[in-house]
Structures are given as structure tokens and as C-alpha cells.
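**Student:** Next comes start.csv, CSV, C-alpha atoms:
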```
chain,number,residue,atom,x,y,z
A,1,ALA,CA,92.8,110.5,99.0
A,2,GLN,CA,92.2,106.8,98.6
A,3,SER,CA,89.3,105.2,100.5
A,4,VAL,CA,87.3,102.1,100.6
A,5,ALA,CA,83.6,101.9,101.6
A,6,GLN,CA,81.9,98.9,103.0
A,7,PRO,CA,78.4,100.3,103.5
A,8,GLU,CA,77.1,97.4,105.6
A,9,ASP,CA,78.4,96.8,109.1
A,10,GLN,CA,76.4,93.5,109.2
A,11,VAL,CA,75.0,91.1,106.6
A,12,ASN,CA,72.7,88.3,107.7
A,13,VAL,CA,71.9,85.5,105.3
A,14,ALA,CA,70.3,82.1,105.6
A,15,GLU,CA,72.4,79.0,105.0
A,16,GLY,CA,72.2,77.9,101.4
A,17,ASN,CA,71.2,81.4,100.1
A,18,PRO,CA,73.5,83.5,98.0
A,19,LEU,CA,75.4,86.2,99.8
A,20,THR,CA,76.8,89.6,98.7
A,21,VAL,CA,79.2,91.8,100.7
A,22,LYS,CA,79.5,95.2,99.1
A,23,CYS,CA,82.6,97.3,98.5
A,24,THR,CA,83.2,100.5,96.6
A,25,TYR,CA,86.4,102.4,96.4
A,26,SER,CA,87.9,105.7,95.5
A,27,VAL,CA,91.4,105.5,94.1
A,28,SER,CA,93.1,107.5,91.5
A,29,GLY,CA,93.8,105.4,88.5
A,30,ASN,CA,93.2,101.7,88.3
A,31,PRO,CA,93.7,99.9,91.6
A,32,TYR,CA,94.6,96.4,92.7
A,33,LEU,CA,91.6,95.1,94.7
A,34,PHE,CA,91.6,92.5,97.5
A,35,TRP,CA,89.2,90.6,99.8
A,36,TYR,CA,90.3,89.2,103.1
A,37,VAL,CA,88.4,87.3,105.8
A,38,GLN,CA,89.1,87.4,109.5
A,39,TYR,CA,87.9,84.8,112.0
A,40,PRO,CA,87.8,85.7,115.7
A,41,ASN,CA,91.2,86.4,117.3
A,42,ARG,CA,92.9,85.6,114.1
A,43,GLY,CA,94.8,87.5,111.4
A,44,LEU,CA,93.4,88.1,107.9
A,45,GLN,CA,93.2,85.3,105.4
A,46,PHE,CA,93.5,86.2,101.7
A,47,LEU,CA,90.4,85.3,99.6
A,48,LEU,CA,90.9,86.8,96.2
A,49,LYS,CA,92.3,89.7,94.3
A,50,TYR,CA,91.8,91.6,91.0
A,51,ILE,CA,94.8,92.7,89.1
A,52,THR,CA,93.8,92.9,85.5
A,53,GLY,CA,91.9,90.9,82.9
A,54,ASP,CA,88.5,89.2,83.5
A,55,ASN,CA,86.3,91.3,85.7
A,56,LEU,CA,85.0,88.2,87.5
A,57,VAL,CA,87.6,86.8,89.9
A,58,LYS,CA,87.2,83.4,91.7
A,59,GLY,CA,88.9,82.8,95.0
A,60,SER,CA,89.1,80.5,97.9
A,61,TYR,CA,86.2,78.7,99.6
A,62,GLY,CA,83.8,79.3,96.6
A,63,PHE,CA,83.9,83.1,96.9
A,64,GLU,CA,84.1,85.3,93.8
A,65,ALA,CA,84.1,89.0,93.2
A,66,GLU,CA,83.3,91.2,90.3
A,67,PHE,CA,85.2,94.3,89.4
A,68,ASN,CA,83.0,97.0,88.0
A,69,LYS,CA,85.0,100.0,86.8
A,70,SER,CA,82.1,102.3,86.0
A,71,GLN,CA,80.6,101.8,89.5
A,72,THR,CA,84.0,101.5,91.2
A,73,SER,CA,82.8,98.5,93.0
A,74,PHE,CA,84.2,95.1,93.9
A,75,HIS,CA,81.4,93.2,95.6
A,76,LEU,CA,82.1,89.8,97.1
A,77,LYS,CA,79.7,87.0,96.3
A,78,LYS,CA,79.0,83.4,97.0
A,79,PRO,CA,76.2,81.4,95.4
A,80,SER,CA,75.4,79.3,98.5
A,81,ALA,CA,76.4,80.5,102.0
A,82,LEU,CA,77.6,78.2,104.7
A,83,VAL,CA,77.5,78.7,108.5
A,84,SER,CA,81.2,78.4,108.5
A,85,ASP,CA,81.4,81.5,106.3
A,86,SER,CA,80.4,83.6,109.3
A,87,ALA,CA,83.3,86.0,109.9
A,88,LEU,CA,84.5,89.5,109.3
A,89,TYR,CA,85.2,90.5,105.7
A,90,PHE,CA,87.5,93.3,104.6
A,91,CYS,CA,87.8,94.8,101.2
A,92,ALA,CA,91.2,96.5,100.4
A,93,VAL,CA,92.7,98.5,97.6
A,94,ARG,CA,96.1,99.5,96.5
A,95,PRO,CA,96.9,102.0,93.7
A,96,LYS,CA,98.9,100.7,90.8
A,97,ILE,CA,102.0,102.6,91.5
A,98,SER,CA,105.4,101.3,92.5
A,99,GLY,CA,106.8,101.4,95.9
A,100,ASN,CA,105.6,100.4,99.3
A,101,THR,CA,102.1,101.7,98.9
A,102,PRO,CA,100.1,100.1,101.7
A,103,LEU,CA,96.7,98.5,101.4
A,104,VAL,CA,93.8,100.7,102.2
A,105,PHE,CA,91.1,98.8,104.1
A,106,GLY,CA,87.4,99.2,104.4
A,107,LYS,CA,86.0,99.1,107.9
A,108,GLY,CA,84.8,95.5,107.5
A,109,THR,CA,81.5,93.8,107.2
A,110,ARG,CA,80.4,91.1,109.6
A,111,LEU,CA,78.7,88.2,107.9
A,112,SER,CA,76.4,86.0,109.8
A,113,VAL,CA,75.1,82.9,108.2
A,114,ILE,CA,72.1,81.4,110.0
A,115,ALA,CA,71.4,77.7,109.8
B,116,GLY,CA,98.8,80.6,100.0
B,117,ALA,CA,102.0,81.8,101.7
B,118,VAL,CA,102.4,81.5,105.4
B,119,VAL,CA,103.2,84.3,107.9
B,120,SER,CA,103.8,83.4,111.5
B,121,GLN,CA,103.8,85.6,114.6
B,122,HIS,CA,105.1,84.9,118.0
B,123,PRO,CA,103.9,85.1,120.7
B,124,SER,CA,100.2,84.7,120.0
B,125,ARG,CA,99.3,86.2,123.3
B,126,VAL,CA,101.3,88.2,125.9
B,127,ILE,CA,100.5,89.7,129.2
B,128,CYS,CA,103.0,92.1,130.7
B,129,LYS,CA,103.4,94.7,133.4
B,130,SER,CA,103.2,98.4,132.7
B,131,GLY,CA,106.7,99.8,132.0
B,132,THR,CA,108.1,96.6,130.5
B,133,SER,CA,109.0,96.1,126.8
B,134,VAL,CA,107.5,93.4,124.6
B,135,LYS,CA,108.9,92.0,121.4
B,136,ILE,CA,106.7,90.5,118.7
B,137,GLU,CA,108.3,88.4,115.9
B,138,CYS,CA,106.9,88.1,112.4
B,139,ARG,CA,108.3,85.6,110.0
B,140,SER,CA,107.4,84.8,106.4
B,141,LEU,CA,107.9,81.0,106.3
B,142,ASP,CA,107.9,80.1,102.7
B,143,PHE,CA,108.7,83.3,100.8
B,144,GLN,CA,111.0,86.2,101.0
B,145,ALA,CA,109.2,89.3,102.1
B,146,THR,CA,110.7,92.5,100.6
B,147,THR,CA,108.1,94.5,102.5
B,148,MET,CA,106.5,93.9,105.9
B,149,PHE,CA,103.8,95.9,107.5
B,150,TRP,CA,102.6,96.2,111.1
B,151,TYR,CA,99.0,96.9,111.9
B,152,ARG,CA,97.0,97.4,115.1
B,153,GLN,CA,93.4,96.5,115.4
B,154,PHE,CA,91.0,97.6,118.1
B,155,PRO,CA,87.9,95.6,119.0
B,156,LYS,CA,85.3,95.6,116.2
B,157,GLN,CA,87.4,98.0,114.1
B,158,SER,CA,89.4,97.8,110.9
B,159,LEU,CA,93.2,97.5,110.8
B,160,MET,CA,95.3,100.6,111.4
B,161,LEU,CA,98.6,100.6,109.6
B,162,MET,CA,101.4,101.5,112.0
B,163,ALA,CA,104.5,101.2,109.8
B,164,THR,CA,106.0,99.8,106.7
B,165,SER,CA,109.4,98.3,106.5
B,166,ASN,CA,111.8,97.0,103.9
B,167,GLU,CA,114.6,94.6,104.7
B,168,GLY,CA,117.7,96.5,105.8
B,169,SER,CA,116.0,99.9,105.9
B,170,LYS,CA,114.4,102.0,108.5
B,171,ALA,CA,110.7,101.6,108.9
B,172,THR,CA,108.3,104.3,107.6
B,173,TYR,CA,105.8,105.1,110.3
B,174,GLU,CA,102.3,106.4,109.8
B,175,GLN,CA,101.3,109.7,111.2
B,176,GLY,CA,100.7,109.6,114.9
B,177,VAL,CA,102.6,106.4,115.5
B,178,GLU,CA,105.6,107.0,117.9
B,179,LYS,CA,108.7,105.4,116.3
B,180,ASP,CA,110.5,105.5,119.6
B,181,LYS,CA,107.8,103.6,121.3
B,182,PHE,CA,107.1,101.1,118.6
B,183,LEU,CA,110.5,99.9,117.4
B,184,ILE,CA,110.5,98.0,114.2
B,185,ASN,CA,113.5,96.0,112.9
B,186,HIS,CA,113.4,94.2,109.5
B,187,ALA,CA,116.7,92.4,109.8
B,188,SER,CA,116.2,89.8,107.0
B,189,LEU,CA,113.9,89.0,104.2
B,190,THR,CA,112.0,86.6,106.5
B,191,LEU,CA,111.9,88.3,109.8
B,192,SER,CA,110.6,91.6,111.2
B,193,THR,CA,110.2,92.4,114.9
B,194,LEU,CA,108.0,95.0,116.6
B,195,THR,CA,109.1,96.0,120.1
B,196,VAL,CA,106.6,97.9,122.3
B,197,THR,CA,108.8,99.8,124.7
B,198,SER,CA,107.7,100.9,128.1
B,199,ALA,CA,104.3,99.4,127.5
B,200,HIS,CA,101.3,101.0,129.1
B,201,PRO,CA,97.7,99.8,129.4
B,202,GLU,CA,96.6,101.9,126.4
B,203,ASP,CA,99.0,99.9,124.3
B,204,SER,CA,96.9,96.8,124.9
B,205,SER,CA,95.6,95.7,121.5
B,206,PHE,CA,95.8,93.1,118.7
B,207,TYR,CA,98.9,93.5,116.6
B,208,ILE,CA,99.0,92.0,113.2
B,209,CYS,CA,102.0,91.8,110.9
B,210,SER,CA,101.8,91.3,107.2
B,211,ALA,CA,104.4,90.5,104.5
B,212,ARG,CA,104.6,90.9,100.8
B,213,ALA,CA,107.0,89.7,98.2
B,214,GLY,CA,107.5,91.9,95.2
B,215,GLY,CA,105.5,94.8,94.0
B,216,PRO,CA,102.1,96.4,94.7
B,217,GLY,CA,100.2,93.7,92.7
B,218,GLU,CA,101.5,90.9,94.9
B,219,THR,CA,99.3,89.5,97.6
B,220,GLN,CA,99.9,90.7,101.1
B,221,TYR,CA,99.7,87.8,103.6
B,222,PHE,CA,98.9,88.3,107.2
B,223,GLY,CA,100.1,86.7,110.4
B,224,PRO,CA,97.7,85.3,113.0
B,225,GLY,CA,98.1,88.3,115.3
B,226,THR,CA,99.4,88.9,118.8
B,227,ARG,CA,97.1,89.9,121.6
B,228,LEU,CA,98.9,92.2,124.0
B,229,LEU,CA,97.5,93.0,127.4
B,230,VAL,CA,99.4,95.5,129.6
B,231,LEU,CA,98.5,95.4,133.2
```
Now, as a test, write the supplied structure out as C-alpha cells.
**Tutor:**
Amino acid sequence: AQSVAQPEDQVNVAEGNPLTVKCTYSVSGNPYLFWYVQYPNRGLQFLLKYITGDNLVKGSYGFEAEFNKSQTSFHLKKPSALVSDSALYFCAVRPKISGNTPLVFGKGTRLSVIA
Amino acid sequence: GAVVSQHPSRVICKSGTSVKIECRSLDFQATTMFWYRQFPKQSLMLMATSNEGSKATYEQGVEKDKFLINHASLTLSTLTVTSAHPEDSSFYICSARAGGPGETQYFGPGTRLLVL
């Protein structure tokens, strides 16, 4: 079965400091990997995705994520956090198979950036 | 990125009535649309997947007669909650994707349903 683990329910970081939101996955074969952000009472906004190629993926709002195949991880990072980055972050995976395979989401990590 | 809209953003209805939620992909053709439900402080729960012109595929435990999904065109899908009850109160989010599994899935802003 496919699964995504976001081991931290909450991450607190001071403004200006680097942030990391962790994600590990269990999927047969090589997956497509995604990060989304959700602000209160809003849908999910796409941040970035890994399909193939360079393991370091750069996305929106200065976020990046690194695909690590051996550790089956896809941690989200940002060099300098902003208060406006405070939100709920979801990691998601989808197996590389054809058809309507849905995204499998992690439970989410709430990021709080403190001024 | 691509835009997905949902209407209404918020709806309050009486128990026993039906509510329709529309989901539109505004600047791309969505071969596949997804409907999710999100409870407070929880992740998204996939309800069903639909392709244009085909019957939706519902996830286990989701009543297809209660949550009617219609994907009439490549830009429009609707979710109708029939005979709504208070336990159906939730945040419903639609999502759309053009093309295959590697394509990005874009999400609507969500619809807050409150059944009194």
C-alpha cells in the first residue's frame, strides 16, 4: 500500500531562519512527488513537484525540495522563513503508472513562523 | 499555475435538502477531476474520481447515491449532496488535472457546507 508520512504535526521556526518540513513515502516503484500549501479556509496551492531528473526541485515562493531515493524522502525547505509562510503543508505522492491514480496525501504539517 | 474555481464558497442548508457544488477548470481542460472532503485539522479524504463523460469512481465507504458526481465537460464537474444531514457538514474541495499521472493536480478554493 502507498503511504506518505509527515512525522511532525507542527513546526515552529523564527522568521529569517531556515525551515524544513519532512516527508517520507512508501510507494512501489518511483513516484511522482508533490508539495502543496493550504491557508485557512482555502484549497490547496501547488508549490512544487518532482517528476524526474535533478533531485533538487525549486518551486514557488522560494521553496525547494530534495528527492532522496535511498531514504525515500522529499523534504521541503526554505533558506529564510517568512511570517507569511505560516500555513498547513501537505506532501503527496502518486505512483508512476497510467490511469486515474489519485494523489496520496500525508496528514499535513502546520508551519508557524514567529516574528 | 492553472486555476480551478468552486461555487459556492460557503453554503448553509436545512437538513433534508440537496446542495450542488460546481467545480470548473478555468484555463485548461481537465481530463480527470477529483472530489475531496476535509475535516477540521485533518488531511484530505478522497471521495471520488471522475473522467469527463464517464461515471465517477467512488472510494470505499463513500455513498454514490448520496454524493452524486457529474463530469459533463472537460471544464465542469458537479458534486450534489443529496438529502443532506448535519454529519455531511464539511469542507469539500475539488481538484482537476489535465493529462497523465505526472501532471500537476490543481485544487479549487473549497466549499464550506453547513447543514442545520
**Student:** Give me, as CSV, the closest atom pair and its distance (Å, one decimal) for every residue of chain A within a cut-off of 12 Å of chain B, counting only C-alpha atoms, rows sorted by chain and rising number.
**Tutor:**
```
residue,atom,partner,partner_atom,distance
A:Val4,CA,B:Ser158,CA,11.4
A:Ala5,CA,B:Ser158,CA,11.7
A:Gln6,CA,B:Ser158,CA,10.9
A:Asp9,CA,B:Lys156,CA,10.0
A:Gln10,CA,B:Lys156,CA,11.5
A:Asn30,CA,B:Gly217,CA,11.5
A:Pro31,CA,B:Gly217,CA,9.0
A:Tyr32,CA,B:Gly217,CA,6.2
A:Leu33,CA,B:Gly217,CA,8.9
A:Phe34,CA,B:Thr219,CA,8.3
A:Trp35,CA,B:Thr219,CA,10.4
A:Tyr36,CA,B:Tyr221,CA,9.5
A:Val37,CA,B:Phe222,CA,10.6
A:Gln38,CA,B:Pro224,CA,9.5
A:Tyr39,CA,B:Pro224,CA,9.9
A:Pro40,CA,B:Lys156,CA,10.2
A:Asn41,CA,B:Gly225,CA,7.4
A:Arg42,CA,B:Pro224,CA,4.9
A:Gly43,CA,B:Pro224,CA,4.0
A:Leu44,CA,B:Phe222,CA,5.5
A:Gln45,CA,B:Phe222,CA,6.7
A:Phe46,CA,B:Tyr221,CA,6.7
A:Leu47,CA,B:Gly116,CA,9.6
A:Leu48,CA,B:Thr219,CA,8.9
A:Lys49,CA,B:Thr219,CA,7.7
A:Tyr50,CA,B:Gly217,CA,8.8
A:Ile51,CA,B:Gly217,CA,6.6
A:Thr52,CA,B:Gly217,CA,9.7
A:Gly59,CA,B:Gly116,CA,11.3
A:Ser60,CA,B:Gly116,CA,9.9
A:Ala87,CA,B:Lys156,CA,11.7
A:Leu88,CA,B:Lys156,CA,9.2
A:Tyr89,CA,B:Ser158,CA,9.9
A:Phe90,CA,B:Ser158,CA,8.0
A:Cys91,CA,B:Ser158,CA,10.3
A:Ala92,CA,B:Gln220,CA,10.5
A:Val93,CA,B:Pro216,CA,10.1
A:Arg94,CA,B:Pro216,CA,7.0
A:Pro95,CA,B:Pro216,CA,7.7
A:Lys96,CA,B:Pro216,CA,6.6
A:Ile97,CA,B:Pro216,CA,7.0
A:Ser98,CA,B:Pro216,CA,6.3
A:Gly99,CA,B:Pro216,CA,7.0
A:Asn100,CA,B:Pro216,CA,7.0
A:Thr101,CA,B:Pro216,CA,6.8
A:Pro102,CA,B:Thr164,CA,7.7
A:Leu103,CA,B:Gln220,CA,8.4
A:Val104,CA,B:Leu161,CA,8.8
A:Phe105,CA,B:Ser158,CA,7.1
A:Gly106,CA,B:Ser158,CA,6.9
A:Lys107,CA,B:Ser158,CA,4.7
A:Gly108,CA,B:Ser158,CA,6.2
A:Thr109,CA,B:Ser158,CA,9.6
A:Arg110,CA,B:Lys156,CA,9.4
```
**Student:** Considering all atoms listed in the file, state which residue in the set B:Ala211, B:Val126, B:Leu229, B:Val134 is at the smallest distance from Thr197 of chain B.
**Tutor:** B:Val134
**Student:** For atom CA of Ile184 of chain B and atom CA of Gln2 of chain A, determine how far apart the two atoms are, in Å to one decimal place.
**Tutor:**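 Result for atom CA of Ile184 of chain B versus atom CA of Gln2 of chain A: 25.6 Å, one decimal.
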**Student:** Tell me, in Å to one decimal, how far atom CA of Gly53 of chain A is from atom CA of Tyr25 of chain A.
**Tutor:**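 Atom CA of Tyr25 of chain A lies 18.6 Å from atom CA of Gly53 of chain A.
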**Student:** Find the spatial neighbours of Lys77 of chain A, counting all atoms listed in the file, within a cut-off of 6 Å - ignore same-chain residues fewer than 2 positions away - and output them as a PyMOL selection string.
**Tutor:** chain A and resi 19-20+63-65
**Student:** Rounded to one decimal, what separation in Å do you get between atom CA of Ala81 of chain A and atom CA of Ser3 of chain A?
**Tutor:**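 Atom CA of Ala81 of chain A sits 27.9 Å away from atom CA of Ser3 of chain A.
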**Student:** May I ask which of the residues B:Val196, B:Phe182, B:Trp150, B:Ala145 is the closest one to Gly168 of chain B, counting all atoms listed in the file?
**Tutor:**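 Distance minimum relative to Gly168 of chain B lands on B:Ala145.
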